[in-house]
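This is final-v7.txt (compact mmCIF, C-alpha atoms).
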```txt
# COMPACT_ATOMS: atom_id res chain seq x y z
CA MET A 1 32.81 5.91 -50.05
CA LYS A 2 30.62 2.94 -49.13
CA SER A 3 30.26 0.10 -51.61
CA PRO A 4 26.77 -0.72 -52.96
CA VAL A 5 26.81 -4.01 -51.01
CA VAL A 6 27.59 -2.30 -47.68
CA ALA A 7 25.03 0.42 -48.37
CA SER A 8 22.43 -2.21 -49.24
CA ARG A 9 23.10 -4.10 -46.00
CA GLN A 10 22.82 -0.94 -43.94
CA SER A 11 19.59 -0.07 -45.71
CA TRP A 12 18.19 -3.53 -44.99
CA PHE A 13 19.07 -3.28 -41.29
CA ALA A 14 17.53 0.20 -41.13
CA ARG A 15 14.28 -1.06 -42.64
CA ASN A 16 14.12 -4.21 -40.52
CA ARG A 17 15.62 -3.15 -37.20
CA MET A 18 12.28 -3.42 -35.37
CA LEU A 19 11.73 -6.91 -36.81
CA LEU A 20 15.17 -8.05 -35.63
CA PHE A 21 14.69 -6.46 -32.22
CA THR A 22 11.29 -8.12 -31.86
CA VAL A 23 12.66 -11.55 -32.82
CA ILE A 24 15.43 -11.19 -30.21
CA ILE A 25 12.90 -10.15 -27.55
CA VAL A 26 10.64 -13.12 -28.37
CA ILE A 27 13.54 -15.59 -28.21
CA VAL A 28 14.80 -14.19 -24.89
CA TYR A 29 11.29 -14.20 -23.45
CA ALA A 30 10.59 -17.78 -24.55
CA ALA A 31 13.94 -18.84 -23.06
CA PHE A 32 13.07 -17.07 -19.80
CA ILE A 33 9.79 -19.01 -19.60
CA GLU A 34 11.64 -22.30 -20.23
CA TRP A 35 14.30 -21.46 -17.62
CA PHE A 36 11.94 -20.35 -14.85
CA TRP A 37 8.84 -22.54 -15.37
CA GLY A 38 9.53 -24.94 -18.23
CA TRP A 39 7.17 -25.22 -21.17
CA SER A 40 6.42 -28.84 -20.32
CA THR A 41 5.31 -27.80 -16.83
CA ILE A 42 3.04 -25.09 -18.23
CA LEU A 43 1.42 -27.47 -20.70
CA ARG A 44 0.94 -30.12 -18.03
CA GLN A 45 -0.75 -27.66 -15.66
CA TRP A 46 -2.95 -26.33 -18.43
CA ALA A 47 -3.98 -29.86 -19.44
CA GLU A 48 -5.55 -30.17 -15.99
CA VAL A 49 -7.63 -27.03 -16.63
CA GLY A 50 -8.70 -28.06 -20.15
CA ALA A 51 -7.29 -27.25 -23.59
CA LEU A 52 -10.39 -25.47 -24.90
CA THR A 53 -10.59 -23.24 -21.83
CA ILE A 54 -6.94 -22.26 -22.12
CA ILE A 55 -7.16 -21.62 -25.88
CA ALA A 56 -10.28 -19.48 -25.46
CA ALA A 57 -8.69 -17.48 -22.63
CA LEU A 58 -5.48 -16.97 -24.62
CA ALA A 59 -7.45 -15.80 -27.67
CA LEU A 60 -9.48 -13.31 -25.64
CA LEU A 61 -6.44 -11.99 -23.77
CA THR A 62 -4.51 -11.58 -27.02
CA SER A 63 -7.44 -9.64 -28.50
CA THR A 64 -6.99 -6.97 -25.82
CA TYR A 65 -3.58 -6.14 -27.30
CA PHE A 66 -5.25 -5.04 -30.52
CA LEU A 67 -7.54 -2.77 -28.51
CA ARG A 68 -4.53 -1.27 -26.70
CA THR A 69 -2.91 -0.62 -30.05
CA TRP A 70 -6.06 1.02 -31.37
CA ARG A 71 -6.04 3.37 -28.36
CA ILE A 72 -2.55 4.56 -29.29
CA TYR A 73 -3.44 4.64 -32.99
CA ASP A 74 -6.32 6.97 -32.18
CA TYR A 75 -4.12 9.00 -29.83
CA PHE A 76 -1.55 9.73 -32.58
CA PRO A 77 -3.70 9.75 -35.75
CA GLN A 78 -1.38 11.88 -37.90
CA GLU A 79 1.83 10.03 -37.11
CA THR A 80 0.45 6.47 -37.20
CA ARG A 81 -2.09 6.71 -40.04
CA GLY A 82 -1.88 3.64 -42.27
CA ARG A 83 0.71 1.95 -40.04
CA PHE A 84 -1.42 0.01 -37.55
CA PRO A 85 0.61 -3.22 -38.02
CA ALA A 86 3.88 -1.41 -37.22
CA LEU A 87 2.26 0.19 -34.19
CA PHE A 88 0.97 -3.21 -33.06
CA ARG A 89 4.52 -4.52 -33.09
CA VAL A 90 5.77 -1.51 -31.12
CA THR A 91 3.10 -1.98 -28.45
CA GLN A 92 3.87 -5.69 -28.18
CA VAL A 93 7.61 -5.14 -27.76
CA HIS A 94 6.84 -2.47 -25.16
CA ASN A 95 4.50 -4.90 -23.37
CA LEU A 96 7.10 -7.69 -23.28
CA LEU A 97 9.79 -5.35 -21.97
CA ASN A 98 7.37 -4.13 -19.32
CA ILE A 99 6.74 -7.69 -18.17
CA MET A 100 10.40 -8.76 -18.26
CA LEU A 101 12.03 -5.74 -16.60
CA PRO A 102 11.59 -4.94 -12.89
CA PHE A 103 9.91 -1.90 -11.30
CA ARG A 104 8.17 -0.86 -14.54
CA THR A 105 11.49 0.19 -16.11
CA GLY A 106 10.21 -1.26 -19.39
CA GLU A 107 7.93 1.77 -19.65
CA THR A 108 10.89 3.82 -20.83
CA SER A 109 10.89 1.83 -24.06
CA PHE A 110 7.56 3.29 -25.22
CA PRO A 111 8.65 6.88 -25.98
CA LEU A 112 11.92 5.57 -27.45
CA LEU A 113 10.14 3.12 -29.76
CA MET A 114 7.57 5.73 -30.79
CA ARG A 115 10.34 8.18 -31.66
CA THR A 116 12.26 5.53 -33.61
CA GLU A 117 9.28 4.26 -35.61
CA PHE A 118 7.05 7.32 -35.92
CA GLY A 119 9.25 10.34 -35.18
CA ILE A 120 7.22 11.34 -32.11
CA PRO A 121 9.30 13.52 -29.73
CA LEU A 122 10.26 11.91 -26.43
CA ALA A 123 8.44 14.48 -24.29
CA ARG A 124 5.23 14.01 -26.24
CA GLY A 125 5.43 10.22 -26.14
CA THR A 126 6.18 10.30 -22.41
CA ALA A 127 3.23 12.62 -21.71
CA ALA A 128 0.90 10.37 -23.70
CA LEU A 129 2.16 7.29 -21.85
CA LEU A 130 1.60 9.02 -18.50
CA VAL A 131 -2.00 9.88 -19.45
CA MET A 132 -2.71 6.31 -20.56
CA ARG A 133 -1.16 4.78 -17.45
CA LEU A 134 -3.15 7.10 -15.19
CA LEU A 135 -6.32 6.07 -17.03
CA ASP A 136 -5.31 2.42 -16.61
CA LEU A 137 -4.81 2.82 -12.87
CA HIS A 138 -8.04 4.75 -12.55
CA ALA A 139 -10.04 2.06 -14.37
CA LEU A 140 -8.64 -0.72 -12.17
CA PHE A 141 -9.14 1.18 -8.90
CA ALA A 142 -12.66 2.18 -9.96
CA ALA A 143 -13.49 -1.47 -10.67
CA ALA A 144 -12.10 -2.49 -7.27
CA GLY A 145 -14.10 0.33 -5.66
CA ILE A 146 -17.37 -1.23 -6.86
CA GLY A 147 -16.73 -4.31 -4.75
CA PHE A 148 -15.83 -2.31 -1.66
CA ALA A 149 -18.85 -0.02 -2.12
CA ILE A 150 -21.15 -3.05 -2.33
CA ALA A 151 -19.62 -4.53 0.83
CA SER A 152 -19.64 -1.24 2.76
CA SER A 153 -22.01 -0.78 5.69
CA HIS A 154 -22.34 2.92 4.75
CA LYS A 155 -23.48 2.46 1.19
CA LEU A 156 -24.54 6.04 0.47
CA VAL A 157 -21.18 7.48 1.53
CA ALA A 158 -19.31 4.68 -0.25
CA TRP A 159 -21.13 5.21 -3.55
CA LEU A 160 -20.72 9.00 -3.34
CA LEU A 161 -16.98 8.57 -2.83
CA TRP A 162 -16.84 6.07 -5.68
CA THR A 163 -18.69 8.48 -8.00
CA ALA A 164 -16.34 11.31 -7.09
CA PHE A 165 -13.37 9.06 -7.83
CA LEU A 166 -14.93 7.93 -11.10
CA LEU A 167 -15.13 11.55 -12.31
CA LEU A 168 -11.51 12.41 -11.41
CA PRO A 169 -10.24 12.01 -15.02
CA VAL A 170 -12.86 14.50 -16.22
CA ALA A 171 -11.69 17.05 -13.64
CA ALA A 172 -8.04 16.44 -14.55
CA PHE A 173 -8.78 16.89 -18.26
CA ALA A 174 -10.66 20.12 -17.57
CA ALA A 175 -7.70 21.45 -15.57
CA ARG A 176 -5.03 20.56 -18.12
CA LYS A 177 -4.75 23.99 -19.81
CA PRO A 178 -4.41 26.03 -16.58
CA LEU A 179 -1.76 23.56 -15.36
CA VAL A 180 0.17 23.78 -18.64
CA ARG A 181 0.01 27.60 -18.53
CA LEU A 182 1.29 27.54 -14.94
CA ALA A 183 4.18 25.27 -15.95
CA ALA A 184 5.02 27.60 -18.85
CA LYS A 185 5.21 30.54 -16.44
CA LEU A 186 7.33 28.76 -13.85
CA LEU A 187 9.84 27.07 -16.14
CA PRO A 188 12.73 28.91 -17.87
CA ALA A 189 12.51 29.85 -21.54
CA LYS A 190 14.82 27.04 -22.70
CA LEU A 191 12.32 24.47 -21.38
CA GLN A 192 9.28 25.98 -23.08
CA HIS A 193 9.50 23.61 -26.03
CA PHE A 194 9.26 20.68 -23.59
CA VAL A 195 6.11 22.19 -22.13
CA ALA A 196 4.70 22.53 -25.65
CA GLU A 197 5.49 18.87 -26.44
CA ILE A 198 3.94 17.71 -23.17
CA GLU A 199 0.81 19.67 -24.03
CA ASN A 200 0.79 18.00 -27.46
CA GLY A 201 0.95 14.63 -25.69
CA LEU A 202 -2.33 15.29 -23.88
CA PRO A 203 -5.71 14.50 -25.48
CA ALA A 204 -6.40 17.22 -28.05
CA ASN A 205 -10.07 17.69 -27.20
CA ALA A 206 -12.99 16.25 -25.24
CA SER A 207 -13.77 13.76 -27.99
CA ALA A 208 -10.20 12.38 -28.03
CA PHE A 209 -10.22 12.18 -24.24
CA ALA A 210 -13.57 10.35 -24.22
CA ARG A 211 -12.32 7.82 -26.79
CA ALA A 212 -9.11 7.18 -24.84
CA TRP A 213 -11.07 6.79 -21.62
CA GLY A 214 -13.69 4.55 -23.24
CA MET A 215 -11.13 2.26 -24.87
CA THR A 216 -9.27 2.02 -21.55
CA VAL A 217 -12.44 0.89 -19.76
CA ILE A 218 -13.33 -1.65 -22.46
CA ASN A 219 -9.77 -3.04 -22.56
CA TRP A 220 -9.57 -3.62 -18.82
CA LEU A 221 -13.14 -4.87 -18.61
CA VAL A 222 -12.41 -7.59 -21.17
CA LYS A 223 -9.08 -8.54 -19.61
CA VAL A 224 -10.33 -8.64 -16.02
CA LEU A 225 -13.50 -10.57 -16.93
CA VAL A 226 -11.49 -13.14 -18.92
CA LEU A 227 -9.06 -13.62 -16.04
CA ALA A 228 -11.93 -13.84 -13.55
CA TRP A 229 -13.63 -16.45 -15.74
CA ALA A 230 -10.41 -18.47 -15.99
CA LEU A 231 -9.85 -18.27 -12.22
CA ARG A 232 -13.43 -19.39 -11.61
CA LEU A 233 -12.90 -22.43 -13.86
CA MET A 234 -9.71 -23.16 -11.91
CA GLY A 235 -11.74 -23.44 -8.72
CA VAL A 236 -11.54 -19.94 -7.20
CA VAL A 237 -14.83 -19.28 -5.38
CA PRO A 238 -17.02 -17.33 -4.91
CA ALA A 239 -17.34 -15.44 -8.21
CA ALA A 240 -16.52 -12.17 -6.43
CA ALA A 241 -13.21 -13.68 -5.33
CA SER A 242 -12.36 -14.56 -8.95
CA PHE A 243 -13.07 -10.96 -9.93
CA GLY A 244 -11.00 -9.64 -7.02
CA GLY A 245 -8.14 -11.97 -7.90
CA ALA A 246 -8.11 -10.76 -11.50
CA LEU A 247 -8.08 -7.14 -10.29
CA GLY A 248 -5.32 -7.83 -7.77
CA GLY A 249 -3.09 -9.46 -10.37
CA GLU A 250 -3.53 -6.65 -12.88
CA LEU A 251 -2.97 -3.97 -10.23
CA SER A 252 0.31 -5.66 -9.30
CA SER A 253 1.36 -5.45 -12.96
CA VAL A 254 0.84 -1.69 -13.29
CA LEU A 255 2.23 -0.61 -9.92
CA PRO A 256 5.97 0.04 -9.38
CA MET A 257 6.62 -3.08 -7.24
CA HIS A 258 6.56 -5.29 -10.33
CA ALA A 259 9.14 -8.12 -10.30
CA PRO A 260 10.88 -9.36 -13.49
CA GLY A 261 8.31 -11.38 -15.41
CA GLY A 262 5.81 -10.66 -12.64
CA VAL A 263 7.33 -13.65 -10.83
CA GLY A 264 5.88 -13.75 -7.34
CA THR A 265 4.21 -10.34 -7.47
CA TYR A 266 1.47 -11.22 -9.97
CA PRO A 267 0.32 -14.45 -8.26
CA ALA A 268 0.56 -12.66 -4.88
CA GLY A 269 -1.67 -9.89 -6.26
CA ILE A 270 -4.21 -12.47 -7.41
CA THR A 271 -4.19 -14.19 -4.02
CA ALA A 272 -4.52 -10.93 -2.08
CA GLY A 273 -7.33 -9.69 -4.32
CA ALA A 274 -9.24 -12.97 -4.11
CA VAL A 275 -9.01 -13.08 -0.31
CA ALA A 276 -10.09 -9.42 -0.07
CA PHE A 277 -13.18 -10.25 -2.16
CA GLY A 278 -14.27 -13.27 -0.14
CA ALA A 279 -12.03 -16.27 -0.90
CA SER A 280 -11.49 -18.67 1.98
CA SER A 281 -8.22 -18.24 3.86
CA ASN A 282 -7.85 -21.76 5.24
CA ALA A 283 -4.73 -23.69 4.27
CA ALA A 284 -6.27 -26.03 1.70
CA ASP A 285 -8.15 -23.25 -0.11
CA ILE A 286 -5.10 -20.98 -0.09
CA ALA A 287 -3.04 -23.77 -1.66
CA ALA A 288 -5.64 -24.24 -4.41
CA LEU A 289 -5.79 -20.45 -4.90
CA ALA A 290 -1.99 -20.34 -5.22
CA ARG A 291 -2.07 -22.98 -7.98
CA ALA A 292 -4.82 -21.08 -9.80
CA SER A 293 -2.94 -17.79 -9.49
CA ILE A 294 0.19 -19.30 -11.02
CA ASN A 295 -1.82 -20.75 -13.91
CA ALA A 296 -3.50 -17.39 -14.51
CA HIS A 297 -0.10 -15.69 -14.43
CA LEU A 298 1.18 -18.14 -17.03
CA LEU A 299 -1.83 -17.26 -19.20
CA ILE A 300 -0.76 -13.61 -19.14
CA ILE A 301 2.86 -14.51 -19.84
CA VAL A 302 2.05 -16.72 -22.83
CA SER A 303 -0.59 -14.34 -24.22
CA ALA A 304 2.04 -11.58 -24.29
CA LEU A 305 4.41 -13.88 -26.16
CA THR A 306 1.61 -14.90 -28.53
CA GLY A 307 0.72 -11.29 -29.30
CA THR A 308 4.33 -10.43 -30.05
CA ALA A 309 4.75 -13.51 -32.24
CA ILE A 310 1.64 -12.46 -34.20
CA SER A 311 3.20 -9.03 -34.73
CA LEU A 312 6.37 -10.43 -36.32
CA PRO A 313 5.14 -10.43 -39.95
CA PHE A 314 3.72 -6.92 -39.55
CA GLY A 315 5.16 -3.48 -39.84
CA ARG A 316 8.06 -4.05 -42.17
CA ARG A 317 9.34 -0.77 -43.54
CA ARG A 318 9.05 -0.25 -47.22
CA ALA A 319 12.16 0.31 -49.22
CA SER A 320 12.68 3.90 -50.13
```
What's the structure tokens form of this structure?
Amino acid sequence: MKSPVVASRQSWFARNRMLLFTVIIVIVYAAFIEWFWGWSTILRQWAEVGALTIIAALALLTSTYFLRTWRIYDYFPQETRGRFPALFRVTQVHNLLNIMLPFRTGETSFPLLMRTEFGIPLARGTAALLVMRLLDLHALFAAAGIGFAIASSHKLVAWLLWTAFLLLPVAAFAARKPLVRLAAKLLPAKLQHFVAEIENGLPANASAFARAWGMTVINWLVKVLVLAWALRLMGVVPAAASFGGALGGELSSVLPMHAPGGVGTYPAGITAGAVAFGASSNAADIAALARASINAHLLIIVSALTGTAISLPFGRRRAS
């Protein structure tokens, strides 16, 4: 039989396991930043840009994490009701793991964390994550498509193709029930409960789908515009190139070829996107673009750490 002291310790760890895990993640992440870049180097580079600009950009980027959390809160209203702070911490830990681990392997933490904190089955959490990531990709590609449609010499065809692509999520949502029924017919009986959980992980109705889609668009619009603004202040011209750079960096972060911490891949995405949208490709301009892309990447890195640090006081489990 366990003593009261041992039982009390176990109870404390059970209530605070997410807090402890988050603290460990924050410490490891901060140490990674110090090891790879050095906090003094980051602060020195940011001093050249301007303290007020950096603070404003960090505040706006951090605000998008609350919007991401609200999207999940709305997606699982029954399970997360009244526990927004705990969900905010979960989403921040998931975000840090996504940034730190290569090839998007951090995504696997989302269904595990949602099951641990809110009792959501793995299949349902995975299905919800898949829907949200597809909406994320769609929003970014649709935004990039606007630039290419504007630059196209066949504008009518380009805009028709863009409109068709824009409406793809609506078509996918409309086809969800026939696809689920087909899966139920094809899969053996012992897997039927997985099919049911996957169906539960999809938007329940048109209203829920519209809210998830709308919050996705607003989230990425804010994040991309803030990054584009920061890149423009760092000397990336023309304005279209700043927008393309922001899109390129964010696309690199949601695609599978993501390096640990986004090192190399995120700045490369910014550079490629900026050049595709009109940035000069001569040596001097590319060098300046490379410096700006690294600074923008550091903004993303530190905003993720800031968001997770903000989440630390939240979400503590109540004693039973």
Which residues are close to Lys223 of chain A, i.e. within 12 Å by all atoms listed in the file, leaving aside same-chain residues fewer than 2 positions away? Reply as an MDAnalysis selection string. chainID A and resid 57:65 67:68 136 139:140 216:221 225:230 243 246:247 249:250 296 299:300 303
For Trp159 of chain A, list every protein, DNA or RNA residue within 9 Å, evaluated using all atoms listed in the file, and leave out those in the same chain fewer than 4 positions away; present the list as a PDB file with C-alpha atoms, in the coordinates of the input.
```pdb
ATOM      1  CA  GLY A 145     -14.100   0.330  -5.660  1.00  0.00           C
ATOM      2  CA  ILE A 146     -17.370  -1.230  -6.860  1.00  0.00           C
ATOM      3  CA  ALA A 149     -18.850  -0.020  -2.120  1.00  0.00           C
ATOM      4  CA  ILE A 150     -21.150  -3.050  -2.330  1.00  0.00           C
ATOM      5  CA  HIS A 154     -22.340   2.920   4.750  1.00  0.00           C
ATOM      6  CA  LYS A 155     -23.480   2.460   1.190  1.00  0.00           C
ATOM      7  CA  THR A 163     -18.690   8.480  -8.000  1.00  0.00           C
ATOM      8  CA  ALA A 164     -16.340  11.310  -7.090  1.00  0.00           C
TER       9      ALA A 164
END
```
Enumerate, as an MDAnalysis selection string, the protein, DNA and RNA residues whose atoms approach (-9.6, 10.6, -12.5) to within 12 Å, taking into account only C-alpha atoms and the coordinate frame of the file. chainID A and resid 131:142 162:175 209 213
Using only C-alpha atoms, find all polymer residues with an atom at most 6 Å away from the point (8.3, 0.7, -25.0); report them as an NGL selection string. :A and (94 or 107-110 or 113)
From atom CA of Pro313 of chain A to atom CA of Leu122 of chain A the spacing works out at 26.6 Å
What is the distance, in Å and to one decimal place, between atom CA of Ile99 of chain A and atom CA of Ser280 of chain A?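 Between atom CA of Ile99 of chain A and atom CA of Ser280 of chain A the gap works out to 29.3 Å.
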Counting all atoms listed in the file, which of A:Val49, A:Ile301, A:Ala183, A:Ile310 gets nearest to Gly235 of chain A?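 For Gly235 of chain A, the nearest of the given residues is A:Val49.
Minimum atom-to-atom distances from A:Ala290, A:Val302, A:Ala204, A:Ala144 to Ala240 of chain A were compared using only C-alpha atoms, and the lowest value belongs to A:Ala144.
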For each of A:Ser242, A:Thr308, A:Val180, A:Leu298, take the minimum atom-to-atom distance to Gln45 of chain A, counting only C-alpha atoms, then give the residue where this is smallest. A:Leu298
Go ahead and compute the interatomic distance for atom CA of Phe103 of chain A and atom CA of Gly269 of chain A, in Å to one decimal. 14.9 Å
List the spatial neighbours of segment 254-263 of chain A as a JSON list (two decimals) with C-alpha atoms, keeping the file's coordinate frame - criterion: any atom at most 6 Å away, all atoms listed in the file, same-chain residues fewer than 3 positions off excluded.
```
[["chain", "number", "residue", "atom", "x", "y", "z"],
["A", 99, "ILE", "CA", 6.74, -7.69, -18.17],
["A", 100, "MET", "CA", 10.40, -8.76, -18.26],
["A", 101, "LEU", "CA", 12.03, -5.74, -16.60],
["A", 102, "PRO", "CA", 11.59, -4.94, -12.89],
["A", 103, "PHE", "CA", 9.91, -1.90, -11.30],
["A", 104, "ARG", "CA", 8.17, -0.86, -14.54],
["A", 251, "LEU", "CA", -2.97, -3.97, -10.23],
["A", 266, "TYR", "CA", 1.47, -11.22, -9.97]]
```
Tell me which protein, DNA and RNA residues are within 12 Å of Asp74 of chain A, counting all atoms listed in the file, leaving out same-chain ones fewer than 4 positions away, and put them as JSON, numbers by chain. {"A": [67, 68, 69, 70, 78, 79, 80, 81, 82, 83, 84, 87, 128, 203, 204, 207, 208, 209, 210, 211, 212, 213, 214, 215]}
Restrict the calculation to all atoms listed in the file, then for each residue of segment 80-160 of chain A with any atom at most 9 Å from an atom of segment 19-43 of chain A give the closest atom pair and their distance in Å to one decimal, rows by chain and rising residue number, as a Markdown table.
```
| residue | atom | partner | partner_atom | distance |
| --- | --- | --- | --- | --- |
| A:Arg89 | CA | A:Thr22 | CA | 7.8 |
| A:Val90 | CA | A:Thr22 | CA | 8.6 |
| A:Gln92 | CA | A:Thr22 | CA | 8.6 |
| A:Val93 | CA | A:Thr22 | CA | 6.3 |
| A:Leu96 | CA | A:Ile25 | CA | 7.6 |
| A:Leu97 | CA | A:Ile25 | CA | 8.0 |
| A:Met100 | CA | A:Tyr29 | CA | 7.6 |
```
May I ask which of the residues A:Gly264, A:Met234, A:Val157, A:Ala239 is the closest one to Thr53 of chain A, counting only C-alpha atoms? A:Met234
